[in-house]
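File shown here: final39.txt, holding compact mmCIF, C-alpha atoms.
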# COMPACT_ATOMS: atom_id res chain seq x y z
CA MET M 1 58.11 114.80 264.38
CA SER M 2 57.30 116.39 267.72
CA PRO M 3 57.22 114.36 270.91
CA LEU M 4 53.94 112.89 272.01
CA PRO M 5 51.72 115.01 274.27
CA ASP M 6 52.95 115.29 277.84
CA SER M 7 50.18 114.32 280.23
CA ASN M 8 49.57 112.29 283.34
CA ALA M 9 46.39 110.81 281.84
CA THR M 10 46.48 107.09 281.18
CA GLY M 11 46.88 106.46 277.48
CA ALA M 12 47.84 110.03 276.60
CA HIS M 13 50.94 108.70 274.85
CA LEU M 14 48.59 107.05 272.33
CA THR M 15 47.11 110.38 271.22
CA ILE M 16 47.72 111.33 267.61
CA THR M 17 49.99 114.33 267.14
CA PRO M 18 49.19 117.18 264.72
CA GLU M 19 52.16 116.11 262.59
CA GLU M 20 50.86 112.54 262.36
CA LEU M 21 47.39 113.79 261.42
CA PHE M 22 48.91 115.96 258.69
CA GLU M 23 50.85 112.95 257.32
CA LEU M 24 47.76 110.72 257.43
CA ARG M 25 45.75 113.21 255.38
CA HIS M 26 48.42 113.31 252.69
CA VAL M 27 48.69 109.53 252.57
CA ALA M 28 44.90 109.15 252.33
CA ARG M 29 44.86 111.62 249.41
CA GLY M 30 47.66 109.75 247.68
CA THR M 31 50.07 112.69 247.85
CA ALA M 32 52.44 110.97 250.28
CA ALA M 33 53.69 107.43 250.50
CA PRO M 34 52.37 105.09 253.21
CA SER M 35 54.57 102.98 255.49
CA LEU M 36 52.60 99.80 254.90
CA ILE M 37 49.84 98.55 252.62
CA ILE M 38 47.98 95.40 253.58
CA ARG M 39 46.60 94.26 250.25
CA HIS M 40 43.66 92.04 249.29
CA ALA M 41 42.32 91.55 252.82
CA THR M 42 38.75 90.78 253.76
CA ILE M 43 37.58 93.22 256.42
CA ILE M 44 34.94 92.08 258.89
CA VAL M 45 32.35 94.80 259.51
CA VAL M 46 30.97 93.56 262.79
CA HIS M 47 27.95 95.87 263.11
CA THR M 48 26.58 95.06 259.62
CA GLY M 49 27.89 91.55 259.12
CA GLU M 50 29.53 92.55 255.83
CA LEU M 51 32.77 91.13 254.50
CA LEU M 52 34.52 93.83 252.44
CA GLU M 53 37.41 93.28 250.05
CA ARG M 54 39.75 96.11 251.00
CA ASP M 55 43.34 97.26 251.27
CA VAL M 56 44.47 98.89 254.52
CA VAL M 57 46.90 101.78 254.07
CA ILE M 58 49.02 102.65 257.10
CA LYS M 59 51.37 105.51 257.88
CA GLY M 60 53.45 105.12 261.01
CA ARG M 61 51.25 103.85 263.81
CA HIS M 62 47.85 104.79 262.35
CA ILE M 63 45.53 103.66 259.56
CA ALA M 64 45.46 106.35 256.87
CA ALA M 65 42.85 104.79 254.57
CA ILE M 66 40.82 101.68 253.89
CA THR M 67 40.28 101.41 250.16
CA PRO M 68 38.96 99.00 247.55
CA TRP M 69 41.59 96.52 246.40
CA ASP M 70 44.47 98.08 244.45
CA HIS M 71 43.18 101.65 244.81
CA PHE M 72 46.76 102.55 245.78
CA PRO M 73 48.66 101.00 242.84
CA ALA M 74 52.05 99.52 243.68
CA SER M 75 53.56 101.23 240.63
CA LYS M 76 52.83 104.66 242.14
CA TYR M 77 55.26 103.89 244.95
CA ALA M 78 57.77 101.76 243.01
CA ASN M 79 60.64 104.10 243.93
CA GLU M 80 59.79 103.99 247.65
CA ALA M 81 61.87 101.16 249.08
CA SER M 82 60.60 101.88 252.59
CA ILE M 83 57.00 100.86 251.83
CA GLU M 84 56.20 97.42 253.14
CA GLU M 85 53.43 95.43 251.49
CA ILE M 86 51.66 92.44 252.96
CA ASP M 87 49.55 90.16 250.79
CA ALA M 88 46.55 89.28 252.93
CA ALA M 89 44.65 87.36 250.26
CA GLY M 90 42.44 84.82 251.98
CA LYS M 91 42.93 86.49 255.38
CA PHE M 92 40.60 88.57 257.53
CA ILE M 93 41.07 91.86 259.34
CA SER M 94 38.77 92.76 262.21
CA PRO M 95 38.30 95.95 264.23
CA GLY M 96 39.28 96.23 267.87
CA PHE M 97 37.69 93.59 270.03
CA ILE M 98 35.15 94.27 272.76
CA ASP M 99 35.39 92.07 275.85
CA THR M 100 31.72 91.95 276.87
CA HIS M 101 32.24 90.45 280.31
CA ILE M 102 35.32 90.94 282.42
CA HIS M 103 35.95 90.86 286.14
CA ILE M 104 38.70 93.43 286.41
CA GLU M 105 39.29 92.62 290.08
CA TYR M 106 40.33 89.07 289.13
CA THR M 107 43.12 90.46 286.95
CA LYS M 108 44.52 92.27 290.02
CA LEU M 109 45.26 95.23 287.73
CA VAL M 110 44.16 98.83 287.91
CA PRO M 111 42.21 99.91 284.78
CA GLY M 112 45.16 101.80 283.25
CA GLU M 113 47.45 98.77 283.51
CA LEU M 114 44.75 96.52 282.05
CA ALA M 115 44.52 98.95 279.13
CA ARG M 116 48.29 98.93 278.65
CA LEU M 117 48.29 95.15 278.40
CA SER M 118 45.04 94.71 276.42
CA ILE M 119 45.31 97.29 273.64
CA PRO M 120 48.38 95.82 271.91
CA ARG M 121 46.50 92.53 271.72
CA GLY M 122 43.44 94.02 270.00
CA THR M 123 41.00 94.63 272.86
CA THR M 124 39.83 98.23 272.73
CA THR M 125 36.76 98.09 275.00
CA VAL M 126 35.82 96.09 278.07
CA LEU M 127 32.47 95.93 279.85
CA ALA M 128 32.53 95.33 283.59
CA ASP M 129 29.87 95.31 286.28
CA ALA M 130 29.97 98.54 288.26
CA ASN M 131 30.29 96.65 291.55
CA CYS M 132 33.30 94.74 290.23
CA ILE M 133 35.15 97.79 288.93
CA ALA M 134 34.62 99.44 292.34
CA ASN M 135 36.92 96.84 293.86
CA VAL M 136 39.92 98.17 291.93
CA SER M 137 38.93 101.81 291.47
CA ARG M 138 39.37 103.92 294.58
CA PRO M 139 37.95 107.41 293.95
CA ARG M 140 40.24 110.03 295.49
CA ASN M 141 37.36 112.23 296.57
CA GLY M 142 35.68 109.47 298.56
CA ASN M 143 32.70 109.39 296.20
CA ARG M 144 31.43 105.84 295.84
CA GLY M 145 29.43 106.66 292.71
CA LEU M 146 31.30 105.61 289.59
CA PRO M 147 31.22 107.26 286.17
CA ASP M 148 29.98 105.26 283.16
CA THR M 149 33.45 105.32 281.60
CA TYR M 150 37.01 105.96 282.69
CA SER M 151 39.73 108.10 281.16
CA THR M 152 41.93 105.30 279.88
CA ALA M 153 43.10 104.32 276.45
CA VAL M 154 40.70 101.39 276.51
CA GLY M 155 36.99 102.12 276.91
CA ILE M 156 35.70 100.77 280.20
CA GLY M 157 31.95 100.81 280.79
CA SER M 158 29.51 99.33 283.23
CA GLY M 159 27.64 97.43 280.52
CA ARG M 160 24.35 98.93 281.65

Could you take the file, read its structure, and then write that structure out as structure tokens?
Amino acid sequence: MSPLPDSNATGAHLTITPEELFELRHVARGTAAPSLIIRHATIIVVHTGELLERDVVIKGRHIAAITPWDHFPASKYANEASIEEIDAAGKFISPGFIDTHIHIEYTKLVPGELARLSIPRGTTTVLADANCIANVSRPRNGNRGLPDTYSTAVGIGSGR
């Protein structure tokens, strides 16, 4: 596997590599073994309110597929000792969380550091008032106007 992309951008180390994408496609097709299968989970589909009975198939650090229960039969990978399986019967899986109201200045963190701490705990998007984010974001060009989002691994928006 090649090293992760070299960049000064916050969150660039989280970018998927071409090799990982290639592996994910093979796992999703069933032509390569996954690293982990979370079986018999109930997935919360927040935008529709649905509860779906699904397995989550993971390769490395990414989700390769979300399938109906037992679509990836255990017997197919019986010789693969490295595949971990978790029985999530009676448990729920949710997508990344959206913090709909945060005062970033109260955290005393710059947006990139907030992202580094929030993402591993499930928060993928935060909404902050533009005047609040201005307290911790100092544009280098002296422009006081702020963009709607920032280039960080966590989505930061003004909520407007």

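The space between atom CA of M:Glu84 and atom CA of M:Leu51 spans 24.3 Å.
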
In Å to one decimal, how far is atom CA of M:Val56 from atom CA of M:Val126?
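If I compute the distance from atom CA of M:Val126 to atom CA of M:Val56, I get 25.2 Å.
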
>> Using only C-alpha atoms, can you tell me which of M:Leu127, M:Ala81, M:Ile93, M:Val45 comes closest to M:Pro111?
In response: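 For M:Pro111, the nearest of the given residues is M:Leu127.
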
Nearest to M:Arg61: which of M:Leu24, M:Ile98, M:Ala115, M:Val110 is it, counting all atoms listed in the file?
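For M:Arg61, the nearest of the candidates is M:Leu24.
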
Shortest contact to M:Pro68, candidates M:Leu21, M:Ile43, M:Leu109, M:Ile83, atoms counted only C-alpha atoms, goes to M:Ile43

Q. Can you tell me, as JSON, numbers by chain, which residues sit within 10 Å of (48.7, 113.3, 264.1) in the file's frame, using only C-alpha atoms?
A. {"M": [1, 2, 4, 15, 16, 17, 18, 19, 20, 21, 22, 23, 24, 25, 60, 61, 62]}

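Using all atoms listed in the file, the nearest neighbour of M:Pro95 within the list M:Lys59, M:Lys76, M:His47, M:His71 is M:His47.
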
Go through M:Arg121, M:Ile66, M:Phe72, M:Ala89 and flag the residue nearest M:Ala32, using only C-alpha atoms for the distances.
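Once distances to M:Ala32 are computed over only C-alpha atoms, the minimum belongs to M:Phe72.
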
Counting all atoms listed in the file, closest pick from M:Val46, M:Ala28, M:Ala33, M:Ala88 relative to M:Thr67 is M:Ala28

As a check of understanding: the span from atom CA of M:Thr107 to atom CA of M:Ser94 is 25.2 Å

When you get a chance, write out N, CA, C and O atoms for stretch 97-123 of chain M, as a PDB file, keeping the file's coordinate frame.
ATOM      1  N   PHE M  97      38.624  94.503 269.386  1.00  0.00           N
ATOM      2  CA  PHE M  97      37.690  93.590 270.030  1.00  0.00           C
ATOM      3  C   PHE M  97      37.078  94.216 271.270  1.00  0.00           C
ATOM      4  O   PHE M  97      37.699  95.019 271.951  1.00  0.00           O
ATOM      5  N   ILE M  98      35.857  93.817 271.581  1.00  0.00           N
ATOM      6  CA  ILE M  98      35.150  94.270 272.760  1.00  0.00           C
ATOM      7  C   ILE M  98      34.976  93.051 273.673  1.00  0.00           C
ATOM      8  O   ILE M  98      34.354  92.067 273.285  1.00  0.00           O
ATOM      9  N   ASP M  99      35.569  93.128 274.859  1.00  0.00           N
ATOM     10  CA  ASP M  99      35.390  92.070 275.850  1.00  0.00           C
ATOM     11  C   ASP M  99      34.095  92.395 276.591  1.00  0.00           C
ATOM     12  O   ASP M  99      34.028  93.368 277.341  1.00  0.00           O
ATOM     13  N   THR M 100      33.055  91.613 276.356  1.00  0.00           N
ATOM     14  CA  THR M 100      31.720  91.950 276.870  1.00  0.00           C
ATOM     15  C   THR M 100      31.494  91.526 278.314  1.00  0.00           C
ATOM     16  O   THR M 100      30.458  91.837 278.884  1.00  0.00           O
ATOM     17  N   HIS M 101      32.420  90.831 278.906  1.00  0.00           N
ATOM     18  CA  HIS M 101      32.240  90.450 280.310  1.00  0.00           C
ATOM     19  C   HIS M 101      33.606  90.193 280.922  1.00  0.00           C
ATOM     20  O   HIS M 101      34.252  89.190 280.634  1.00  0.00           O
ATOM     21  N   ILE M 102      34.025  91.107 281.762  1.00  0.00           N
ATOM     22  CA  ILE M 102      35.320  90.940 282.420  1.00  0.00           C
ATOM     23  C   ILE M 102      35.174  91.290 283.899  1.00  0.00           C
ATOM     24  O   ILE M 102      34.392  92.169 284.267  1.00  0.00           O
ATOM     25  N   HIS M 103      35.876  90.566 284.710  1.00  0.00           N
ATOM     26  CA  HIS M 103      35.950  90.860 286.140  1.00  0.00           C
ATOM     27  C   HIS M 103      37.337  91.453 286.367  1.00  0.00           C
ATOM     28  O   HIS M 103      38.316  90.724 286.552  1.00  0.00           O
ATOM     29  N   ILE M 104      37.411  92.763 286.323  1.00  0.00           N
ATOM     30  CA  ILE M 104      38.700  93.430 286.410  1.00  0.00           C
ATOM     31  C   ILE M 104      39.408  93.088 287.719  1.00  0.00           C
ATOM     32  O   ILE M 104      40.627  92.936 287.757  1.00  0.00           O
ATOM     33  N   GLU M 105      38.651  92.907 288.792  1.00  0.00           N
ATOM     34  CA  GLU M 105      39.290  92.620 290.080  1.00  0.00           C
ATOM     35  C   GLU M 105      40.046  91.297 290.045  1.00  0.00           C
ATOM     36  O   GLU M 105      41.037  91.108 290.740  1.00  0.00           O
ATOM     37  N   TYR M 106      39.628  90.346 289.215  1.00  0.00           N
ATOM     38  CA  TYR M 106      40.330  89.070 289.130  1.00  0.00           C
ATOM     39  C   TYR M 106      41.678  89.210 288.423  1.00  0.00           C
ATOM     40  O   TYR M 106      42.556  88.378 288.588  1.00  0.00           O
ATOM     41  N   THR M 107      41.829  90.247 287.614  1.00  0.00           N
ATOM     42  CA  THR M 107      43.120  90.460 286.950  1.00  0.00           C
ATOM     43  C   THR M 107      44.144  91.039 287.912  1.00  0.00           C
ATOM     44  O   THR M 107      45.336  90.998 287.631  1.00  0.00           O
ATOM     45  N   LYS M 108      43.669  91.605 289.028  1.00  0.00           N
ATOM     46  CA  LYS M 108      44.520  92.270 290.020  1.00  0.00           C
ATOM     47  C   LYS M 108      45.288  93.445 289.404  1.00  0.00           C
ATOM     48  O   LYS M 108      46.401  93.753 289.798  1.00  0.00           O
ATOM     49  N   LEU M 109      44.663  94.080 288.408  1.00  0.00           N
ATOM     50  CA  LEU M 109      45.260  95.230 287.730  1.00  0.00           C
ATOM     51  C   LEU M 109      44.358  96.441 287.890  1.00  0.00           C
ATOM     52  O   LEU M 109      43.140  96.306 287.916  1.00  0.00           O
ATOM     53  N   VAL M 110      44.955  97.610 287.971  1.00  0.00           N
ATOM     54  CA  VAL M 110      44.160  98.830 287.910  1.00  0.00           C
ATOM     55  C   VAL M 110      43.765  99.033 286.442  1.00  0.00           C
ATOM     56  O   VAL M 110      44.423  98.496 285.538  1.00  0.00           O
ATOM     57  N   PRO M 111      42.684  99.769 286.164  1.00  0.00           N
ATOM     58  CA  PRO M 111      42.210  99.910 284.780  1.00  0.00           C
ATOM     59  C   PRO M 111      43.278 100.375 283.778  1.00  0.00           C
ATOM     60  O   PRO M 111      43.346  99.869 282.666  1.00  0.00           O
ATOM     61  N   GLY M 112      44.124 101.320 284.168  1.00  0.00           N
ATOM     62  CA  GLY M 112      45.160 101.800 283.250  1.00  0.00           C
ATOM     63  C   GLY M 112      46.146 100.715 282.860  1.00  0.00           C
ATOM     64  O   GLY M 112      46.585 100.629 281.715  1.00  0.00           O
ATOM     65  N   GLU M 113      46.528  99.866 283.797  1.00  0.00           N
ATOM     66  CA  GLU M 113      47.450  98.770 283.510  1.00  0.00           C
ATOM     67  C   GLU M 113      46.773  97.713 282.646  1.00  0.00           C
ATOM     68  O   GLU M 113      47.382  97.146 281.741  1.00  0.00           O
ATOM     69  N   LEU M 114      45.496  97.448 282.902  1.00  0.00           N
ATOM     70  CA  LEU M 114      44.750  96.520 282.050  1.00  0.00           C
ATOM     71  C   LEU M 114      44.725  97.043 280.613  1.00  0.00           C
ATOM     72  O   LEU M 114      44.917  96.288 279.672  1.00  0.00           O
ATOM     73  N   ALA M 115      44.515  98.348 280.464  1.00  0.00           N
ATOM     74  CA  ALA M 115      44.520  98.950 279.130  1.00  0.00           C
ATOM     75  C   ALA M 115      45.879  98.790 278.460  1.00  0.00           C
ATOM     76  O   ALA M 115      45.970  98.431 277.288  1.00  0.00           O
ATOM     77  N   ARG M 116      46.946  99.041 279.210  1.00  0.00           N
ATOM     78  CA  ARG M 116      48.290  98.930 278.650  1.00  0.00           C
ATOM     79  C   ARG M 116      48.582  97.523 278.128  1.00  0.00           C
ATOM     80  O   ARG M 116      49.224  97.331 277.104  1.00  0.00           O
ATOM     81  N   LEU M 117      48.054  96.534 278.800  1.00  0.00           N
ATOM     82  CA  LEU M 117      48.290  95.150 278.400  1.00  0.00           C
ATOM     83  C   LEU M 117      47.306  94.665 277.330  1.00  0.00           C
ATOM     84  O   LEU M 117      47.630  93.789 276.536  1.00  0.00           O
ATOM     85  N   SER M 118      46.089  95.198 277.318  1.00  0.00           N
ATOM     86  CA  SER M 118      45.040  94.710 276.420  1.00  0.00           C
ATOM     87  C   SER M 118      45.108  95.322 275.020  1.00  0.00           C
ATOM     88  O   SER M 118      44.882  94.622 274.030  1.00  0.00           O
ATOM     89  N   ILE M 119      45.367  96.601 274.933  1.00  0.00           N
ATOM     90  CA  ILE M 119      45.310  97.290 273.640  1.00  0.00           C
ATOM     91  C   ILE M 119      46.255  96.699 272.602  1.00  0.00           C
ATOM     92  O   ILE M 119      45.837  96.456 271.476  1.00  0.00           O
ATOM     93  N   PRO M 120      47.514  96.411 272.940  1.00  0.00           N
ATOM     94  CA  PRO M 120      48.380  95.820 271.910  1.00  0.00           C
ATOM     95  C   PRO M 120      47.917  94.466 271.397  1.00  0.00           C
ATOM     96  O   PRO M 120      48.334  94.014 270.349  1.00  0.00           O
ATOM     97  N   ARG M 121      47.010  93.839 272.114  1.00  0.00           N
ATOM     98  CA  ARG M 121      46.500  92.530 271.720  1.00  0.00           C
ATOM     99  C   ARG M 121      45.126  92.614 271.055  1.00  0.00           C
ATOM    100  O   ARG M 121      44.492  91.608 270.803  1.00  0.00           O
ATOM    101  N   GLY M 122      44.655  93.851 270.780  1.00  0.00           N
ATOM    102  CA  GLY M 122      43.440  94.020 270.000  1.00  0.00           C
ATOM    103  C   GLY M 122      42.181  94.354 270.763  1.00  0.00           C
ATOM    104  O   GLY M 122      41.157  94.644 270.166  1.00  0.00           O
ATOM    105  N   THR M 123      42.197  94.295 272.090  1.00  0.00           N
ATOM    106  CA  THR M 123      41.000  94.630 272.860  1.00  0.00           C
ATOM    107  C   THR M 123      40.973  96.127 273.087  1.00  0.00           C
ATOM    108  O   THR M 123      41.886  96.680 273.688  1.00  0.00           O
TER     109      THR M 123
END
